[in-house]
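Student: Quick one, data-v4.cif (mmCIF, C-alpha atoms):
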data_coords
#
loop_
_atom_site.label_atom_id
_atom_site.label_comp_id
_atom_site.auth_asym_id
_atom_site.auth_seq_id
_atom_site.Cartn_x
_atom_site.Cartn_y
_atom_site.Cartn_z
CA MET A 1 -50.96 -53.78 -4.90
CA ALA A 2 -49.14 -57.05 -5.35
CA GLY A 3 -51.54 -58.02 -8.13
CA SER A 4 -50.95 -54.78 -10.00
CA PHE A 5 -47.17 -55.19 -9.63
CA PHE A 6 -47.17 -58.61 -11.29
CA LYS A 7 -49.53 -57.43 -14.00
CA SER A 8 -47.15 -54.62 -14.90
CA HIS A 9 -44.12 -56.91 -15.07
CA ASN A 10 -45.67 -59.93 -16.84
CA ARG A 11 -46.91 -57.98 -19.85
CA GLY A 12 -44.92 -60.17 -22.33
CA ALA A 13 -42.47 -59.12 -25.04
CA THR A 14 -43.02 -55.89 -26.90
CA LEU A 15 -43.01 -55.69 -30.70
CA ILE A 16 -39.54 -54.14 -30.55
CA GLU A 17 -38.21 -57.04 -28.49
CA VAL A 18 -39.76 -59.56 -30.89
CA ALA A 19 -38.22 -57.74 -33.87
CA ILE A 20 -34.80 -57.76 -32.19
CA ALA A 21 -35.12 -61.48 -31.45
CA PHE A 22 -36.02 -62.22 -35.09
CA ALA A 23 -33.10 -60.08 -36.29
CA VAL A 24 -30.66 -61.95 -34.06
CA VAL A 25 -31.98 -65.31 -35.25
CA GLY A 26 -31.70 -64.10 -38.84
CA LEU A 27 -28.08 -63.07 -38.36
CA ILE A 28 -27.26 -66.43 -36.80
CA MET A 29 -28.97 -68.34 -39.63
CA THR A 30 -27.14 -66.23 -42.24
CA ALA A 31 -23.79 -66.89 -40.57
CA VAL A 32 -24.52 -70.63 -40.39
CA TRP A 33 -25.64 -70.75 -44.04
CA THR A 34 -22.60 -68.76 -45.19
CA ALA A 35 -20.23 -70.98 -43.25
CA GLY A 36 -21.98 -74.08 -44.58
CA GLY A 37 -21.68 -72.79 -48.15
CA ALA A 38 -17.96 -72.18 -47.69
CA VAL A 39 -17.51 -75.73 -46.40
CA ARG A 40 -19.47 -77.15 -49.34
CA ASN A 41 -17.40 -75.17 -51.83
CA ARG A 42 -14.14 -76.31 -50.25
CA ALA A 43 -15.35 -79.90 -50.57
CA ARG A 44 -16.25 -79.29 -54.22
CA ILE A 45 -12.81 -77.82 -54.90
CA GLU A 46 -11.14 -80.85 -53.30
CA THR A 47 -13.26 -83.19 -55.42
CA SER A 48 -12.53 -81.17 -58.57
CA VAL A 49 -8.78 -81.43 -57.95
CA GLN A 50 -9.21 -85.15 -57.30
CA THR A 51 -11.17 -85.56 -60.56
CA ILE A 52 -8.50 -83.80 -62.65
CA THR A 53 -5.56 -85.67 -61.10
CA ASP A 54 -7.45 -88.98 -61.26
CA VAL A 55 -8.14 -88.49 -64.98
CA ALA A 56 -4.48 -87.60 -65.58
CA ASP A 57 -3.32 -90.76 -63.80
CA ARG A 58 -5.75 -92.92 -65.78
CA VAL A 59 -4.75 -91.41 -69.14
CA ARG A 60 -1.07 -91.97 -68.43
CA ALA A 61 -1.64 -95.52 -67.21
CA LEU A 62 -3.39 -96.33 -70.49
CA TYR A 63 -1.28 -94.47 -73.05
CA ARG A 64 2.27 -94.14 -71.75
CA SER A 65 3.06 -97.66 -72.85
CA TYR A 66 1.20 -97.20 -76.15
CA PRO A 67 1.28 -93.51 -77.24
CA GLY A 68 0.78 -94.51 -80.88
CA ALA A 69 -2.64 -96.02 -80.20
CA ASN A 70 -4.66 -96.03 -83.40
CA SER A 71 -8.00 -96.26 -81.62
CA TYR A 72 -7.85 -93.68 -78.87
CA ALA A 73 -10.61 -92.26 -76.70
CA ASP A 74 -11.53 -89.19 -78.75
CA THR A 75 -15.17 -89.02 -77.58
CA THR A 76 -16.73 -88.86 -74.13
CA ALA A 77 -18.37 -92.26 -74.60
CA LYS A 78 -15.01 -93.84 -75.53
CA GLN A 79 -13.32 -92.12 -72.59
CA ILE A 80 -15.89 -93.57 -70.21
CA ALA A 81 -15.57 -97.02 -71.80
CA ALA A 82 -11.77 -96.81 -71.49
CA LYS A 83 -12.13 -96.04 -67.75
CA LEU A 84 -10.46 -92.64 -68.13
CA VAL A 85 -13.20 -90.96 -66.09
CA PRO A 86 -13.73 -91.92 -62.41
CA ASP A 87 -17.07 -93.48 -61.58
CA PHE A 88 -18.22 -90.52 -59.47
CA ALA A 89 -17.95 -88.26 -62.54
CA ILE A 90 -20.05 -90.44 -64.87
CA LYS A 91 -23.68 -89.65 -65.58
CA ASP A 92 -26.07 -91.80 -67.63
CA ASN A 93 -23.21 -94.02 -68.93
CA ASP A 94 -22.29 -91.70 -71.83
CA THR A 95 -22.01 -88.25 -70.26
CA THR A 96 -19.93 -86.79 -67.46
CA VAL A 97 -20.67 -84.45 -64.59
CA ASN A 98 -18.39 -82.66 -62.15
CA GLU A 99 -19.00 -81.22 -58.69
CA TRP A 100 -20.14 -77.89 -60.14
CA GLY A 101 -22.82 -79.38 -62.38
CA GLY A 102 -20.86 -79.10 -65.64
CA GLU A 103 -19.10 -81.72 -67.72
CA VAL A 104 -15.62 -83.21 -67.69
CA HIS A 105 -13.74 -83.01 -71.02
CA ILE A 106 -10.55 -84.77 -72.13
CA ALA A 107 -8.62 -83.97 -75.30
CA PHE A 108 -5.36 -85.32 -76.70
CA LYS A 109 -2.39 -83.59 -78.28
CA ARG A 110 -1.23 -85.80 -81.16
CA VAL A 111 1.88 -85.37 -83.29
CA ASN A 112 2.40 -87.73 -86.22
CA ASN A 113 -0.37 -89.91 -84.78
CA TRP A 114 1.42 -90.20 -81.45
CA ILE A 115 -0.17 -88.91 -78.26
CA VAL A 116 2.29 -86.51 -76.61
CA GLY A 117 0.03 -84.78 -74.11
CA PHE A 118 -3.55 -84.23 -73.04
CA GLY A 119 -5.84 -81.67 -71.48
CA VAL A 120 -8.56 -82.02 -68.84
CA ALA A 121 -11.30 -79.40 -68.49
CA LEU A 122 -14.18 -78.86 -66.08
CA ASP A 123 -17.22 -76.80 -67.04
CA MET A 124 -18.90 -74.65 -64.40
CA SER A 125 -22.70 -74.66 -64.29
CA SER A 126 -24.17 -71.42 -65.65
CA THR A 127 -26.72 -71.48 -62.81
CA LEU A 128 -24.00 -70.77 -60.23
CA PRO A 129 -23.59 -67.13 -59.18
CA VAL A 130 -20.73 -65.36 -60.97
CA GLU A 131 -18.84 -64.71 -57.73
CA GLU A 132 -19.03 -68.39 -56.77
CA ARG A 133 -17.82 -69.53 -60.20
CA ASN A 134 -14.96 -67.03 -60.18
CA GLN A 135 -13.75 -68.04 -56.75
CA ALA A 136 -14.03 -71.74 -57.58
CA CYS A 137 -12.05 -71.33 -60.80
CA ALA A 138 -9.31 -69.35 -59.08
CA ASP A 139 -9.10 -71.79 -56.17
CA ILE A 140 -8.85 -74.85 -58.43
CA VAL A 141 -6.14 -73.20 -60.54
CA MET A 142 -4.19 -72.22 -57.43
CA ARG A 143 -4.36 -75.80 -56.20
CA LEU A 144 -3.16 -77.20 -59.56
CA GLN A 145 -0.98 -74.36 -60.80
CA GLY A 146 0.98 -75.26 -63.93
CA SER A 147 4.76 -75.40 -63.94
CA GLY A 148 5.21 -73.87 -67.40
CA HIS A 149 6.32 -70.33 -68.22
CA SER A 150 5.82 -70.03 -71.95
CA SER A 151 3.28 -67.71 -73.55
CA GLU A 152 3.10 -69.91 -76.65
CA GLY A 153 -0.29 -70.14 -78.35
CA PHE A 154 -2.82 -72.92 -78.08
CA ASN A 155 -5.61 -74.56 -80.05
CA THR A 156 -8.82 -76.13 -78.77
CA SER A 157 -10.04 -79.68 -79.23
CA ASN A 158 -13.24 -81.01 -77.66
CA ASN A 159 -13.48 -77.58 -76.00
CA VAL A 160 -10.14 -78.16 -74.27
CA PRO A 161 -7.09 -75.90 -74.87
CA LEU A 162 -3.94 -77.68 -76.08
CA PRO A 163 -0.57 -76.01 -76.79
CA SER A 164 -0.04 -75.39 -80.49
CA THR A 165 3.72 -76.02 -80.42
CA TYR A 166 5.66 -79.25 -80.13
CA PRO A 167 8.02 -79.99 -78.59
CA LEU A 168 7.31 -77.70 -75.67
CA PRO A 169 9.89 -75.04 -74.85
CA SER A 170 12.57 -76.42 -72.54
CA GLN A 171 11.42 -74.24 -69.63
CA ASP A 172 7.99 -75.86 -69.87
CA ASN A 173 9.12 -79.43 -69.39
CA ALA A 174 7.39 -80.35 -66.14
CA PRO A 175 9.70 -81.84 -63.52
CA ASP A 176 6.89 -84.06 -62.24
CA ASP A 177 3.50 -85.36 -63.34
CA GLY A 178 1.70 -82.14 -62.50
CA PRO A 179 0.09 -79.90 -65.13
CA ILE A 180 2.23 -77.67 -67.32
CA TYR A 181 -0.39 -75.09 -68.27
CA ALA A 182 -3.53 -73.84 -66.52
CA PHE A 183 -6.37 -72.17 -68.43
CA ALA A 184 -9.53 -70.32 -67.44
CA GLY A 185 -12.50 -69.86 -69.73
CA ASN A 186 -14.64 -66.72 -69.92
CA GLY A 187 -16.10 -66.86 -73.40
CA GLY A 188 -12.70 -67.94 -74.71
CA TRP A 189 -9.66 -69.49 -73.08
CA THR A 190 -6.93 -67.57 -71.27
CA ASN A 191 -3.60 -69.04 -70.19
CA VAL A 192 -3.49 -68.32 -66.44
CA THR A 193 -0.35 -70.33 -65.67
CA ASN A 194 1.54 -68.75 -62.76
CA LYS A 195 -1.04 -65.98 -62.33
CA GLY A 196 -2.02 -64.99 -58.80
CA GLN A 197 -5.52 -65.38 -57.44
CA MET A 198 -6.37 -61.68 -57.45
CA GLU A 199 -5.05 -61.27 -60.99
CA MET A 200 -7.28 -64.10 -62.15
CA LEU A 201 -10.36 -62.81 -60.31
CA SER A 202 -9.98 -59.35 -61.83
CA GLY A 203 -9.58 -60.80 -65.33
CA PHE A 204 -12.67 -63.00 -65.58
CA GLY A 205 -14.90 -60.18 -66.82
CA ALA A 206 -18.60 -59.52 -66.36
CA GLY A 207 -19.65 -62.99 -67.50
CA GLY A 208 -17.36 -64.65 -64.99
CA CYS A 209 -15.33 -67.82 -65.28
CA THR A 210 -17.09 -70.58 -67.18
CA ASN A 211 -14.53 -73.42 -67.08
CA VAL A 212 -11.00 -74.38 -66.11
CA ALA A 213 -8.53 -76.65 -67.91
CA PHE A 214 -5.06 -78.10 -67.41
CA TYR A 215 -2.55 -79.48 -69.91
CA PHE A 216 -0.32 -82.43 -69.02
CA LYS A 217 2.56 -84.10 -70.79
CA LEU A 218 1.98 -87.78 -71.43
#
Would you mind writing the file's structure down as structure tokens?
Tutor:
Amino acid sequence: MAGSFFKSHNRGATLIEVAIAFAVVGLIMTAVWTAGGAVRNRARIETSVQTITDVADRVRALYRSYPGANSYADTTAKQIAAKLVPDFAIKDNDTTVNEWGGEVHIAFKRVNNWIVGFGVALDMSSTLPVEERNQACADIVMRLQGSGHSSEGFNTSNNVPLPSTYPLPSQDNAPDDGPIYAFAGNGGWTNVTNKGQMEMLSGFGAGGCTNVAFYFKL
């Protein structure tokens, strides 16, 4: 009797119990992977903000004392040689790379051969899921929101949007060294200065956000 009792209670796990165990493990792994992805994206956003502000500081350090520079860094190779791009964003000595796998672009607003402002743009890798690109774009813009208010037009140079008017309207004179305008790309550029996160996310379209850019006064 004792032998039959132990046989009936040591039969091992049933298929249902094994399936439940695998399902629980799967849920745990999914939660861990999702949390890990969120942490990685937050780190990428922090590095992206650092890249943009670092470039802005370097450009100002070089050109504020010499805005009429005749030989300015109008190509990526020249920008790297002029130390306008931080080392962690340089790839193969003549190209740039950001945390999202795209490039870093810098363009200058010149009036009568004098540099009066500049733009910094980050491309998002097309291999990233649309939702991830959209959230990253919106988060970066929210972290570096421009101080301007004008809806004035803009032109592009080196795939970077630059305001088409000069001088800037008085309400768009930044009180500090932060960006004046913020832009998001989705096949073209859209001025997203002072837009909320949900408004941006709903406006990126089916293709999603492809790049972000910020314009600074020199």
Student: Could you give me, as a Markdown table, every range 81-156 of chain A residue with an atom at most 8 Å from range 51-66 of chain A, plus its closest atom pair and distance in Å to one decimal, counting all atoms listed in the file, rows ordered by chain then number?
Tutor:
| residue | atom | partner | partner_atom | distance |
| --- | --- | --- | --- | --- |
| A:Lys83 | CA | A:Arg58 | CA | 7.4 |
| A:Leu84 | CA | A:Arg58 | CA | 5.3 |
| A:Val85 | CA | A:Val55 | CA | 5.7 |
| A:Pro86 | CA | A:Asp54 | CA | 7.0 |
| A:Ala89 | CA | A:Thr51 | CA | 7.6 |
| A:Asn98 | CA | A:Thr51 | CA | 7.9 |
| A:Ile115 | CA | A:Tyr63 | CA | 7.7 |
| A:Val120 | CA | A:Ile52 | CA | 6.4 |
| A:Ala121 | CA | A:Ile52 | CA | 7.8 |
Student: I need the chosen residues saved as a PDB file, in the frame of the given file, with C-alpha atoms.
Tutor:
ATOM      1  CA  LYS A  83     -12.130 -96.040 -67.750  1.00  0.00           C
ATOM      2  CA  LEU A  84     -10.460 -92.640 -68.130  1.00  0.00           C
ATOM      3  CA  VAL A  85     -13.200 -90.960 -66.090  1.00  0.00           C
ATOM      4  CA  PRO A  86     -13.730 -91.920 -62.410  1.00  0.00           C
ATOM      5  CA  ALA A  89     -17.950 -88.260 -62.540  1.00  0.00           C
ATOM      6  CA  ASN A  98     -18.390 -82.660 -62.150  1.00  0.00           C
ATOM      7  CA  ILE A 115      -0.170 -88.910 -78.260  1.00  0.00           C
ATOM      8  CA  VAL A 120      -8.560 -82.020 -68.840  1.00  0.00           C
ATOM      9  CA  ALA A 121     -11.300 -79.400 -68.490  1.00  0.00           C
TER      10      ALA A 121
END
Student: Counting all atoms listed in the file, which residue out of A:Ala81, A:Ala184, A:Ala69, A:Val104 sits closest to Gln135 in chain A?
Tutor: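 Closest to Gln135 in chain A, using all atoms listed in the file: A:Ala184.
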Student: Rounded to one decimal, what separation in Å do you get between CA of Asn70 in chain A and CA of Val97 in chain A?
Tutor: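 According to the coordinates, CA of Asn70 in chain A and CA of Val97 in chain A are separated by 27.3 Å.
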Student: Can you tell me, as a PyMOL selection string, what residues are no more than 9 Å from Ser125 in chain A when counting all atoms listed in the file, ignoring any on the same chain fewer than 3 positions away?
Tutor: chain A and resi 100-103+128+133+210-211
Student: When you draw a straight line from CA of Ile90 in chain A to CA of Phe216 in chain A, how long is it in Å?
Tutor: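 The value is 21.7 Å.
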Student: Can you work out which one of A:Leu218, A:Ile20, A:Ala77, A:Val212 has the shortest atom-to-atom distance to Asp123 in chain A, counting only C-alpha atoms?
Tutor: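 Residue with the minimum atom-to-atom distance to Asp123 in chain A: A:Val212.
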Student: Find the residue from A:Phe154, A:Tyr72, A:Phe214, A:Trp114 that sits nearest to Ser48 in chain A; use all atoms listed in the file when measuring.
Tutor: A:Phe214
Student: Find, counting all atoms listed in the file, the residue in A:Ala73, A:Ile45, A:Met124, A:Val130 that gets nearest to Leu201 in chain A.
Tutor: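 Among the listed residues, A:Val130 lies closest to Leu201 in chain A.
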Student: Considering only C-alpha atoms, return as a ChimeraX atom specification whatever protein or nucleic-acid residues lie within 8 Å of Val116 in chain A, sequence-local ones (same chain, fewer than 6 positions apart) excluded.
Tutor: /A:67,108-110,217-218
Student: With C-alpha atoms kept, could you save the residues just selected as a PDB file, in the frame of the given file?
Tutor:
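To be explicit, this is the file written out as again.pdb:
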ATOM      1  CA  PRO A  67       1.280 -93.510 -77.240  1.00  0.00           C
ATOM      2  CA  PHE A 108      -5.360 -85.320 -76.700  1.00  0.00           C
ATOM      3  CA  LYS A 109      -2.390 -83.590 -78.280  1.00  0.00           C
ATOM      4  CA  ARG A 110      -1.230 -85.800 -81.160  1.00  0.00           C
ATOM      5  CA  LYS A 217       2.560 -84.100 -70.790  1.00  0.00           C
ATOM      6  CA  LEU A 218       1.980 -87.780 -71.430  1.00  0.00           C
TER       7      LEU A 218
END
Student: Residues near Val141 in chain A, anyone? I mean within 10 Å using all atoms listed in the file, not counting same-chain ones fewer than 5 positions away, as a PDB file with C-alpha atoms, in the frame of the given file.
Tutor:
ATOM      1  CA  ILE A  45     -12.810 -77.820 -54.900  1.00  0.00           C
ATOM      2  CA  VAL A  49      -8.780 -81.430 -57.950  1.00  0.00           C
ATOM      3  CA  GLN A 135     -13.750 -68.040 -56.750  1.00  0.00           C
ATOM      4  CA  ALA A 136     -14.030 -71.740 -57.580  1.00  0.00           C
ATOM      5  CA  GLY A 146       0.980 -75.260 -63.930  1.00  0.00           C
ATOM      6  CA  TYR A 181      -0.390 -75.090 -68.270  1.00  0.00           C
ATOM      7  CA  ALA A 182      -3.530 -73.840 -66.520  1.00  0.00           C
ATOM      8  CA  PHE A 183      -6.370 -72.170 -68.430  1.00  0.00           C
ATOM      9  CA  ALA A 184      -9.530 -70.320 -67.440  1.00  0.00           C
ATOM     10  CA  VAL A 192      -3.490 -68.320 -66.440  1.00  0.00           C
ATOM     11  CA  THR A 193      -0.350 -70.330 -65.670  1.00  0.00           C
ATOM     12  CA  ASN A 194       1.540 -68.750 -62.760  1.00  0.00           C
ATOM     13  CA  LYS A 195      -1.040 -65.980 -62.330  1.00  0.00           C
ATOM     14  CA  GLY A 196      -2.020 -64.990 -58.800  1.00  0.00           C
ATOM     15  CA  GLN A 197      -5.520 -65.380 -57.440  1.00  0.00           C
ATOM     16  CA  MET A 200      -7.280 -64.100 -62.150  1.00  0.00           C
ATOM     17  CA  VAL A 212     -11.000 -74.380 -66.110  1.00  0.00           C
ATOM     18  CA  ALA A 213      -8.530 -76.650 -67.910  1.00  0.00           C
ATOM     19  CA  PHE A 214      -5.060 -78.100 -67.410  1.00  0.00           C
TER      20      PHE A 214
END
Student: With all atoms listed in the file counted, which protein, DNA or RNA residues have an atom no more than 9 Å from (-12.8, -65.2, -72.2) in the file frame? Please answer as an mmCIF file with C-alpha atoms, keeping the file's coordinate frame.
Tutor:
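For reference, part-v3.cif as written:
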data_model
loop_
_atom_site.group_PDB
_atom_site.id
_atom_site.type_symbol
_atom_site.label_atom_id
_atom_site.label_comp_id
_atom_site.auth_asym_id
_atom_site.auth_seq_id
_atom_site.Cartn_x
_atom_site.Cartn_y
_atom_site.Cartn_z
ATOM 1 C CA ALA A 184 -9.530 -70.320 -67.440
ATOM 2 C CA GLY A 185 -12.500 -69.860 -69.730
ATOM 3 C CA ASN A 186 -14.640 -66.720 -69.920
ATOM 4 C CA GLY A 187 -16.100 -66.860 -73.400
ATOM 5 C CA GLY A 188 -12.700 -67.940 -74.710
ATOM 6 C CA TRP A 189 -9.660 -69.490 -73.080
ATOM 7 C CA THR A 190 -6.930 -67.570 -71.270
ATOM 8 C CA GLY A 203 -9.580 -60.800 -65.330
ATOM 9 C CA PHE A 204 -12.670 -63.000 -65.580
ATOM 10 C CA GLY A 205 -14.900 -60.180 -66.820
ATOM 11 C CA GLY A 207 -19.650 -62.990 -67.500
ATOM 12 C CA GLY A 208 -17.360 -64.650 -64.990
ATOM 13 C CA CYS A 209 -15.330 -67.820 -65.280
ATOM 14 C CA THR A 210 -17.090 -70.580 -67.180
#
Student: Point out the residue among A:Asn112, A:Thr75, A:Thr14, A:Arg42 with the least atom-to-atom distance to Cys137 in chain A, counting only C-alpha atoms.
Tutor: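 Checking each candidate against Cys137 in chain A, we get A:Arg42 as the closest.
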Student: Here is a test: counting only C-alpha atoms, which residue of A:Glu46, A:Asp74, A:Asp172, A:Asp177 is nearest to Ser157 in chain A?
Tutor: A:Asp74
Student: Can you tell me how far CA of Ala43 in chain A sits from CA of Thr95 in chain A, in Å to one decimal?
Tutor: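 Taking CA of Ala43 in chain A as the start and CA of Thr95 in chain A as the end point, the length is 22.4 Å.
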